[in-house]
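Please read the structure below before turning to the comments.
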Amino acid sequence: MTKVIVDGLGSMGSSLAEQLESNNYYVVGIDDNPSTTQIALSENVVNEIGHLDAETVKDADLIILCTPVSVIIKQINTLKQLHLNPDTIIMDIGSTKGEILQAAAGLNNFIGGHPMIGTERKGIVGRDKNMFKGTPFFLIGDDSLAAKVEKLLAPLGSDFQQLSAKEHDYLTAAISALPHLVAYALTDSVDKMLPENKLNWQNRVAGGFSDTTRIAKSNPSLWTDIIMSNKQQILEGLDDMINTLSDYRHDLENGDTESLNKKISKAQEIRKKVGESKNG
């Protein structure tokens with residue numbers, strides 16, 4: 001039976017663990033929250049609770065690190081001290097890759113991973129074992145290791161794709177971290193315009209605000225960790241965003257309806273193409 005260790009049973013880690021467990025994998029869960037581990041055992045998310053130690057990792061086929069980036073780096077350093085089976089594969093599902101792969105240098109059979117799943121759900125109670133189905137799952141590392149991971153994680157039903165660490169961090173800065181920062185900032189800006197729930201705005205928002213800021217409900221600690229671990233690429237994205245908003249503001253201030261409409265129309269056409277093709 002395939003043995004998989006999932007370290008970190010938050011919403012994504014527990015979802016991954018439950019899907020593998022339901023496909024007859026032997027899943028060992030690791031988490032430092034006692035209520036989380038209790039739920040994991042009682043609701044068959046995992047088969048067993050363990051620790052990141054020599055006994056638990058013994059004979060593991062795959063170890064998956066599902067914690068914040070700063071914690072993943074600590075876990076990697078711990079794994080370097082253990083006598084792992086030479087065939088054991090280690091991967092993470094952190095949101096940035098440069099720091100993690102640098103920390104993993106010298107650790108045999110390590111491959112970076114990142115499922116592109118947008119969720120504001122938090123903790124094991126927010127899990128959904130089908131959340132990976134049909135979604136992009138980036139793999140960063142050796143081709144042969146990537147092929148093995150694709151086979152091991154086939155029950156997830158993900159769309160596995162390979163990228164370099166640099167490509168990954170540049171892409172996710174643009175399509176993941178920047179939107180989260182903008183959502184947080186937009187919520188903050190509206191609150192500054194209408195402080196202390198002025199005009200009862202929080203109970204009067206329509207789809208525009210709700211849709212645009214949904215991800216501002218995401219875990220602040222997690223996203224602070226993600227953003228700080230990919231600082232340079234995100235700073236470049238923020239500079240582009242600030243310049244773009246300045247251009248829009250210039251048109252509005254000068255009453256240039258034609259220019260503003262062109263910008264909005266171009267953005268609309270680009271947005272229509274998003275998600276039209278997995279190969280696009």
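Convention: chains lettered A, B, ... in structure tokens order; per-chain residue numbering from 1; ligands numbered from 1 as shown.
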Contacts between segment 60-78 of chain A and segment 112-206 of chain A, please, where a residue of segment 112-206 of chain A counts if it comes within 10 Å (with only C-alpha atoms); show its shortest atom pair and distance in Å to one decimal, rows by chain and ascending number, as a Markdown table.
| residue | atom | partner | partner_atom | distance |
| --- | --- | --- | --- | --- |
| A:Gly112 | CA | A:Ile64 | CA | 9.8 |
| A:Gly113 | CA | A:Ile64 | CA | 9.1 |
| A:His114 | CA | A:Cys66 | CA | 9.8 |
| A:Lys148 | CA | A:Leu62 | CA | 9.9 |
| A:Val149 | CA | A:Leu62 | CA | 8.3 |
| A:Leu152 | CA | A:Leu62 | CA | 8.1 |
| A:Leu153 | CA | A:Leu62 | CA | 9.7 |
For Gly106 of chain A, please output as a list in words all residues within 12 Å (counting only C-alpha atoms; exclusion window: fewer than 3 positions along the same chain). Ile76, Asn77, Leu79, Lys80, Gln81, Leu101, Gln102, Ala103, Asn109, Phe110 and Ile111 of chain A
Requested write-out: all heavy atoms of the selected residues, as a PDB file, in the first residue's frame:
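Full text of part18.pdb as output:
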ATOM      1  N   ILE A  76      12.025  21.311   6.030  1.00  0.00           N
ATOM      2  CA  ILE A  76      13.079  20.802   5.149  1.00  0.00           C
ATOM      3  C   ILE A  76      14.371  20.592   5.934  1.00  0.00           C
ATOM      4  O   ILE A  76      15.057  19.574   5.780  1.00  0.00           O
ATOM      5  CB  ILE A  76      13.297  21.771   3.965  1.00  0.00           C
ATOM      6  CG1 ILE A  76      12.124  21.660   2.978  1.00  0.00           C
ATOM      7  CG2 ILE A  76      14.625  21.486   3.261  1.00  0.00           C
ATOM      8  CD1 ILE A  76      12.135  22.732   1.901  1.00  0.00           C
ATOM      9  N   ASN A  77      14.695  21.552   6.790  1.00  0.00           N
ATOM     10  CA  ASN A  77      15.907  21.425   7.603  1.00  0.00           C
ATOM     11  C   ASN A  77      15.815  20.231   8.558  1.00  0.00           C
ATOM     12  O   ASN A  77      16.815  19.551   8.818  1.00  0.00           O
ATOM     13  CB  ASN A  77      16.157  22.716   8.376  1.00  0.00           C
ATOM     14  CG  ASN A  77      16.581  23.862   7.463  1.00  0.00           C
ATOM     15  OD1 ASN A  77      17.200  23.631   6.428  1.00  0.00           O
ATOM     16  ND2 ASN A  77      16.239  25.081   7.834  1.00  0.00           N
ATOM     17  N   LEU A  79      14.051  17.462   7.922  1.00  0.00           N
ATOM     18  CA  LEU A  79      14.149  16.263   7.081  1.00  0.00           C
ATOM     19  C   LEU A  79      15.596  15.968   6.697  1.00  0.00           C
ATOM     20  O   LEU A  79      15.972  14.803   6.530  1.00  0.00           O
ATOM     21  CB  LEU A  79      13.296  16.429   5.824  1.00  0.00           C
ATOM     22  CG  LEU A  79      11.778  16.329   6.046  1.00  0.00           C
ATOM     23  CD1 LEU A  79      11.026  16.805   4.806  1.00  0.00           C
ATOM     24  CD2 LEU A  79      11.376  14.899   6.388  1.00  0.00           C
ATOM     25  N   LYS A  80      16.395  17.004   6.571  1.00  0.00           N
ATOM     26  CA  LYS A  80      17.809  16.799   6.228  1.00  0.00           C
ATOM     27  C   LYS A  80      18.547  16.034   7.328  1.00  0.00           C
ATOM     28  O   LYS A  80      19.583  15.410   7.055  1.00  0.00           O
ATOM     29  CB  LYS A  80      18.491  18.147   5.984  1.00  0.00           C
ATOM     30  CG  LYS A  80      18.135  18.792   4.655  1.00  0.00           C
ATOM     31  CD  LYS A  80      18.890  20.108   4.478  1.00  0.00           C
ATOM     32  CE  LYS A  80      18.628  20.717   3.124  1.00  0.00           C
ATOM     33  NZ  LYS A  80      19.369  21.990   2.911  1.00  0.00           N
ATOM     34  N   GLN A  81      18.021  16.082   8.550  1.00  0.00           N
ATOM     35  CA  GLN A  81      18.679  15.415   9.673  1.00  0.00           C
ATOM     36  C   GLN A  81      18.225  13.972   9.843  1.00  0.00           C
ATOM     37  O   GLN A  81      18.795  13.226  10.638  1.00  0.00           O
ATOM     38  CB  GLN A  81      18.390  16.190  10.975  1.00  0.00           C
ATOM     39  CG  GLN A  81      18.736  17.672  10.923  1.00  0.00           C
ATOM     40  CD  GLN A  81      20.170  17.938  10.521  1.00  0.00           C
ATOM     41  OE1 GLN A  81      21.085  17.303  11.049  1.00  0.00           O
ATOM     42  NE2 GLN A  81      20.378  18.866   9.591  1.00  0.00           N
ATOM     43  N   LEU A 101      13.199  25.992  -2.749  1.00  0.00           N
ATOM     44  CA  LEU A 101      14.160  25.160  -3.479  1.00  0.00           C
ATOM     45  C   LEU A 101      15.592  25.442  -3.049  1.00  0.00           C
ATOM     46  O   LEU A 101      16.434  24.541  -3.043  1.00  0.00           O
ATOM     47  CB  LEU A 101      13.985  25.367  -4.981  1.00  0.00           C
ATOM     48  CG  LEU A 101      12.692  24.783  -5.571  1.00  0.00           C
ATOM     49  CD1 LEU A 101      12.591  25.108  -7.046  1.00  0.00           C
ATOM     50  CD2 LEU A 101      12.616  23.281  -5.361  1.00  0.00           C
ATOM     51  N   GLN A 102      15.871  26.668  -2.684  1.00  0.00           N
ATOM     52  CA  GLN A 102      17.201  27.004  -2.178  1.00  0.00           C
ATOM     53  C   GLN A 102      17.451  26.275  -0.855  1.00  0.00           C
ATOM     54  O   GLN A 102      18.528  25.717  -0.625  1.00  0.00           O
ATOM     55  CB  GLN A 102      17.321  28.513  -1.975  1.00  0.00           C
ATOM     56  CG  GLN A 102      18.717  28.966  -1.570  1.00  0.00           C
ATOM     57  CD  GLN A 102      18.824  30.487  -1.475  1.00  0.00           C
ATOM     58  OE1 GLN A 102      17.843  31.202  -1.613  1.00  0.00           O
ATOM     59  NE2 GLN A 102      20.021  30.979  -1.248  1.00  0.00           N
ATOM     60  N   ALA A 103      16.437  26.262   0.008  1.00  0.00           N
ATOM     61  CA  ALA A 103      16.566  25.571   1.292  1.00  0.00           C
ATOM     62  C   ALA A 103      16.697  24.070   1.107  1.00  0.00           C
ATOM     63  O   ALA A 103      17.356  23.385   1.898  1.00  0.00           O
ATOM     64  CB  ALA A 103      15.353  25.883   2.169  1.00  0.00           C
ATOM     65  N   ASN A 109      15.645  13.752  -3.833  1.00  0.00           N
ATOM     66  CA  ASN A 109      14.260  13.485  -4.244  1.00  0.00           C
ATOM     67  C   ASN A 109      13.277  14.564  -3.797  1.00  0.00           C
ATOM     68  O   ASN A 109      12.135  14.273  -3.442  1.00  0.00           O
ATOM     69  CB  ASN A 109      13.785  12.120  -3.725  1.00  0.00           C
ATOM     70  CG  ASN A 109      14.528  10.971  -4.369  1.00  0.00           C
ATOM     71  OD1 ASN A 109      15.083  11.108  -5.457  1.00  0.00           O
ATOM     72  ND2 ASN A 109      14.553   9.830  -3.705  1.00  0.00           N
ATOM     73  N   PHE A 110      13.717  15.827  -3.825  1.00  0.00           N
ATOM     74  CA  PHE A 110      12.800  16.924  -3.485  1.00  0.00           C
ATOM     75  C   PHE A 110      12.270  17.562  -4.765  1.00  0.00           C
ATOM     76  O   PHE A 110      13.015  17.818  -5.707  1.00  0.00           O
ATOM     77  CB  PHE A 110      13.487  17.998  -2.646  1.00  0.00           C
ATOM     78  CG  PHE A 110      12.524  19.078  -2.205  1.00  0.00           C
ATOM     79  CD1 PHE A 110      11.824  18.945  -1.022  1.00  0.00           C
ATOM     80  CD2 PHE A 110      12.298  20.193  -2.995  1.00  0.00           C
ATOM     81  CE1 PHE A 110      10.909  19.917  -0.620  1.00  0.00           C
ATOM     82  CE2 PHE A 110      11.390  21.175  -2.609  1.00  0.00           C
ATOM     83  CZ  PHE A 110      10.695  21.035  -1.410  1.00  0.00           C
ATOM     84  N   ILE A 111      10.955  17.844  -4.777  1.00  0.00           N
ATOM     85  CA  ILE A 111      10.337  18.534  -5.904  1.00  0.00           C
ATOM     86  C   ILE A 111       9.330  19.546  -5.372  1.00  0.00           C
ATOM     87  O   ILE A 111       8.619  19.279  -4.395  1.00  0.00           O
ATOM     88  CB  ILE A 111       9.653  17.535  -6.878  1.00  0.00           C
ATOM     89  CG1 ILE A 111       9.111  18.265  -8.116  1.00  0.00           C
ATOM     90  CG2 ILE A 111       8.570  16.720  -6.173  1.00  0.00           C
ATOM     91  CD1 ILE A 111       8.703  17.323  -9.233  1.00  0.00           C
TER      92      ILE A 111
END
Nearby residues (only C-alpha atoms) at most 9 Å from Ala54 of chain A, same-chain spacing under 6 positions excluded, as an MDAnalysis selection string: chainID A and resid 79 82:84
Show which residues sit within 8 Å of Glu21 of chain A, as a PyMOL selection string. Count only C-alpha atoms, and ignore same-chain residues fewer than 2 positions away. chain A and resi 17-19+23-27+44-47
Non-local contacts of Asp211 of chain A (12 Å; only C-alpha atoms; under 6 positions in same chain excluded) as an MDAnalysis selection string: chainID A and resid 183 186:187 205 217
Just give me the gap between atom CA of Phe137 of chain A and atom CA of Ser22 of chain A in Å, one decimal is fine. 20.1 Å
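Taking atom CA of Lys262 of chain A and atom CA of Ala216 of chain A as endpoints, the distance between them is 28.7 Å.
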DSSP on the backbone: which residues in segment 53-138 of chain A end up as helix (DSSP H, G or I)? Give the answer as a CSV table (one decimal) with all heavy atoms, in the first residue's frame.
chain,number,residue,atom,x,y,z
A,54,ALA,N,12.0,10.2,12.6
A,54,ALA,CA,12.5,9.0,11.9
A,54,ALA,C,11.5,7.9,11.8
A,54,ALA,O,11.4,7.2,10.8
A,54,ALA,CB,13.8,8.5,12.5
A,55,GLU,N,10.7,7.7,12.9
A,55,GLU,CA,9.8,6.6,12.9
A,55,GLU,C,8.6,6.8,12.0
A,55,GLU,O,8.2,5.9,11.2
A,55,GLU,CB,9.2,6.4,14.4
A,55,GLU,CG,8.3,5.2,14.5
A,55,GLU,CD,8.9,3.9,14.2
A,55,GLU,OE1,10.1,3.7,14.3
A,55,GLU,OE2,8.1,3.0,13.7
A,56,THR,N,8.1,8.0,11.9
A,56,THR,CA,7.0,8.3,11.1
A,56,THR,C,7.3,8.3,9.6
A,56,THR,O,6.6,7.7,8.8
A,56,THR,CB,6.4,9.7,11.4
A,56,THR,OG1,5.9,9.7,12.8
A,56,THR,CG2,5.2,10.1,10.5
A,57,VAL,N,8.5,8.8,9.2
A,57,VAL,CA,8.8,8.9,7.8
A,57,VAL,C,9.4,7.6,7.3
A,57,VAL,O,9.6,7.5,6.0
A,57,VAL,CB,9.9,10.1,7.6
A,57,VAL,CG1,9.3,11.4,8.1
A,57,VAL,CG2,11.2,9.8,8.2
A,69,VAL,N,5.2,29.0,3.9
A,69,VAL,CA,6.5,28.9,3.3
A,69,VAL,C,7.6,28.9,4.4
A,69,VAL,O,8.5,28.1,4.4
A,69,VAL,CB,6.8,30.0,2.3
A,69,VAL,CG1,8.2,30.0,1.9
A,69,VAL,CG2,5.8,29.9,1.1
A,70,SER,N,7.5,29.8,5.4
A,70,SER,CA,8.5,29.9,6.4
A,70,SER,C,8.6,28.6,7.2
A,70,SER,O,9.7,28.2,7.7
A,70,SER,CB,8.2,31.1,7.4
A,70,SER,OG,6.9,30.9,8.0
A,71,VAL,N,7.4,27.9,7.4
A,71,VAL,CA,7.4,26.6,8.2
A,71,VAL,C,8.0,25.5,7.3
A,71,VAL,O,8.7,24.6,7.8
A,71,VAL,CB,6.0,26.3,8.6
A,71,VAL,CG1,6.0,25.0,9.4
A,71,VAL,CG2,5.5,27.4,9.5
A,72,ILE,N,7.7,25.5,6.0
A,72,ILE,CA,8.2,24.5,5.1
A,72,ILE,C,9.7,24.5,5.1
A,72,ILE,O,10.3,23.4,5.2
A,72,ILE,CB,7.7,24.8,3.7
A,72,ILE,CG1,6.2,24.4,3.5
A,72,ILE,CG2,8.5,24.0,2.6
A,72,ILE,CD1,5.6,24.9,2.2
A,73,ILE,N,10.3,25.7,5.2
A,73,ILE,CA,11.8,25.7,5.2
A,73,ILE,C,12.3,25.1,6.5
A,73,ILE,O,13.3,24.3,6.5
A,73,ILE,CB,12.3,27.2,5.1
A,73,ILE,CG1,11.9,27.7,3.7
A,73,ILE,CG2,13.8,27.3,5.4
A,73,ILE,CD1,12.2,29.2,3.5
A,74,LYS,N,11.7,25.3,7.6
A,74,LYS,CA,12.1,24.6,8.8
A,74,LYS,C,11.9,23.1,8.7
A,74,LYS,O,12.7,22.3,9.2
A,74,LYS,CB,11.2,25.2,10.0
A,74,LYS,CG,11.5,26.6,10.3
A,74,LYS,CD,10.6,27.1,11.5
A,74,LYS,CE,10.9,28.6,11.7
A,74,LYS,NZ,10.0,29.1,12.8
A,75,GLN,N,10.8,22.7,8.1
A,75,GLN,CA,10.5,21.2,7.9
A,75,GLN,C,11.6,20.6,7.1
A,75,GLN,O,12.1,19.5,7.3
A,75,GLN,CB,9.2,21.0,7.3
A,75,GLN,CG,8.0,21.4,8.3
A,75,GLN,CD,6.7,21.5,7.5
A,75,GLN,OE1,6.6,21.8,6.4
A,75,GLN,NE2,5.6,21.1,8.2
A,76,ILE,N,12.0,21.3,6.0
A,76,ILE,CA,13.1,20.8,5.1
A,76,ILE,C,14.4,20.6,5.9
A,76,ILE,O,15.1,19.6,5.8
A,76,ILE,CB,13.3,21.8,4.0
A,76,ILE,CG1,12.1,21.7,3.0
A,76,ILE,CG2,14.6,21.5,3.3
A,76,ILE,CD1,12.1,22.7,1.9
A,77,ASN,N,14.7,21.6,6.8
A,77,ASN,CA,15.9,21.4,7.6
A,77,ASN,C,15.8,20.2,8.6
A,77,ASN,O,16.8,19.6,8.8
A,77,ASN,CB,16.2,22.7,8.4
A,77,ASN,CG,16.6,23.9,7.5
A,77,ASN,OD1,17.2,23.6,6.4
A,77,ASN,ND2,16.2,25.1,7.8
A,78,THR,N,14.6,20.0,9.1
A,78,THR,CA,14.4,18.8,9.9
A,78,THR,C,14.6,17.5,9.1
A,78,THR,O,15.3,16.6,9.6
A,78,THR,CB,13.0,18.8,10.5
A,78,THR,OG1,12.9,20.0,11.4
A,78,THR,CG2,12.8,17.6,11.4
A,79,LEU,N,14.1,17.5,7.9
A,79,LEU,CA,14.1,16.3,7.1
A,79,LEU,C,15.6,16.0,6.7
A,79,LEU,O,16.0,14.8,6.5
A,79,LEU,CB,13.3,16.4,5.8
A,79,LEU,CG,11.8,16.3,6.0
A,79,LEU,CD1,11.0,16.8,4.8
A,79,LEU,CD2,11.4,14.9,6.4
A,80,LYS,N,16.4,17.0,6.6
A,80,LYS,CA,17.8,16.8,6.2
A,80,LYS,C,18.5,16.0,7.3
A,80,LYS,O,19.6,15.4,7.1
A,80,LYS,CB,18.5,18.1,6.0
A,80,LYS,CG,18.1,18.8,4.7
A,80,LYS,CD,18.9,20.1,4.5
A,80,LYS,CE,18.6,20.7,3.1
A,80,LYS,NZ,19.4,22.0,2.9
A,98,GLY,N,11.3,29.9,-5.0
A,98,GLY,CA,12.7,30.3,-4.9
A,98,GLY,C,13.3,30.0,-3.6
A,98,GLY,O,14.3,29.2,-3.5
A,99,GLU,N,12.8,30.5,-2.5
A,99,GLU,CA,13.3,30.2,-1.2
A,99,GLU,C,13.3,28.8,-0.8
A,99,GLU,O,14.2,28.2,-0.2
A,99,GLU,CB,12.5,31.0,-0.1
A,99,GLU,CG,12.8,32.5,-0.1
A,99,GLU,CD,12.2,33.2,1.1
A,99,GLU,OE1,11.1,32.7,1.6
A,99,GLU,OE2,12.7,34.2,1.6
A,100,ILE,N,12.2,28.1,-1.1
A,100,ILE,CA,12.0,26.7,-0.7
A,100,ILE,C,13.0,25.8,-1.5
A,100,ILE,O,13.7,25.0,-0.8
A,100,ILE,CB,10.6,26.2,-1.0
A,100,ILE,CG1,9.6,26.9,-0.1
A,100,ILE,CG2,10.5,24.7,-1.0
A,100,ILE,CD1,8.1,26.7,-0.4
A,101,LEU,N,13.2,26.0,-2.7
A,101,LEU,CA,14.2,25.2,-3.5
A,101,LEU,C,15.6,25.4,-3.0
A,101,LEU,O,16.4,24.5,-3.0
A,101,LEU,CB,14.0,25.4,-5.0
A,101,LEU,CG,12.7,24.8,-5.6
A,101,LEU,CD1,12.6,25.1,-7.0
A,101,LEU,CD2,12.6,23.3,-5.4
A,102,GLN,N,15.9,26.7,-2.7
A,102,GLN,CA,17.2,27.0,-2.2
A,102,GLN,C,17.5,26.3,-0.9
A,102,GLN,O,18.5,25.7,-0.6
A,102,GLN,CB,17.3,28.5,-2.0
A,102,GLN,CG,18.7,29.0,-1.6
A,102,GLN,CD,18.8,30.5,-1.5
A,102,GLN,OE1,17.8,31.2,-1.6
A,102,GLN,NE2,20.0,31.0,-1.2
A,103,ALA,N,16.4,26.3,0.0
A,103,ALA,CA,16.6,25.6,1.3
A,103,ALA,C,16.7,24.1,1.1
A,103,ALA,O,17.4,23.4,1.9
A,103,ALA,CB,15.4,25.9,2.2
A,124,ILE,N,-9.2,22.5,8.8
A,124,ILE,CA,-9.7,21.2,8.4
A,124,ILE,C,-11.2,21.2,8.1
A,124,ILE,O,-11.7,20.4,7.3
A,124,ILE,CB,-9.3,20.1,9.4
A,124,ILE,CG1,-9.5,18.7,8.8
A,124,ILE,CG2,-10.0,20.2,10.7
A,124,ILE,CD1,-8.8,17.6,9.6
A,125,VAL,N,-11.9,22.0,8.8
A,125,VAL,CA,-13.4,22.1,8.6
A,125,VAL,C,-13.7,22.7,7.3
A,125,VAL,O,-14.9,22.6,6.8
A,125,VAL,CB,-14.1,22.9,9.8
A,125,VAL,CG1,-13.9,22.1,11.1
A,125,VAL,CG2,-13.5,24.3,9.9
A,126,GLY,N,-12.8,23.3,6.7
A,126,GLY,CA,-13.0,23.9,5.3
A,126,GLY,C,-12.6,23.1,4.2
A,126,GLY,O,-12.5,23.6,3.1
Contacts of Gln161 of chain A at 12 Å or less, counting only C-alpha atoms, minus same-chain residues fewer than 4 places along, as an NGL selection string? :A and (112-116 or 134-141 or 143 or 146-147 or 149-150 or 167-168 or 278-279)
Show me, as an NGL selection string, the residues that have an atom within 12 Å of His180 of chain A when counting only C-alpha atoms, minus same-chain residues fewer than 6 positions from it. :A and (118-120 or 172-174 or 186-187 or 212-220 or 222-224 or 226-227 or 234 or 237-238)
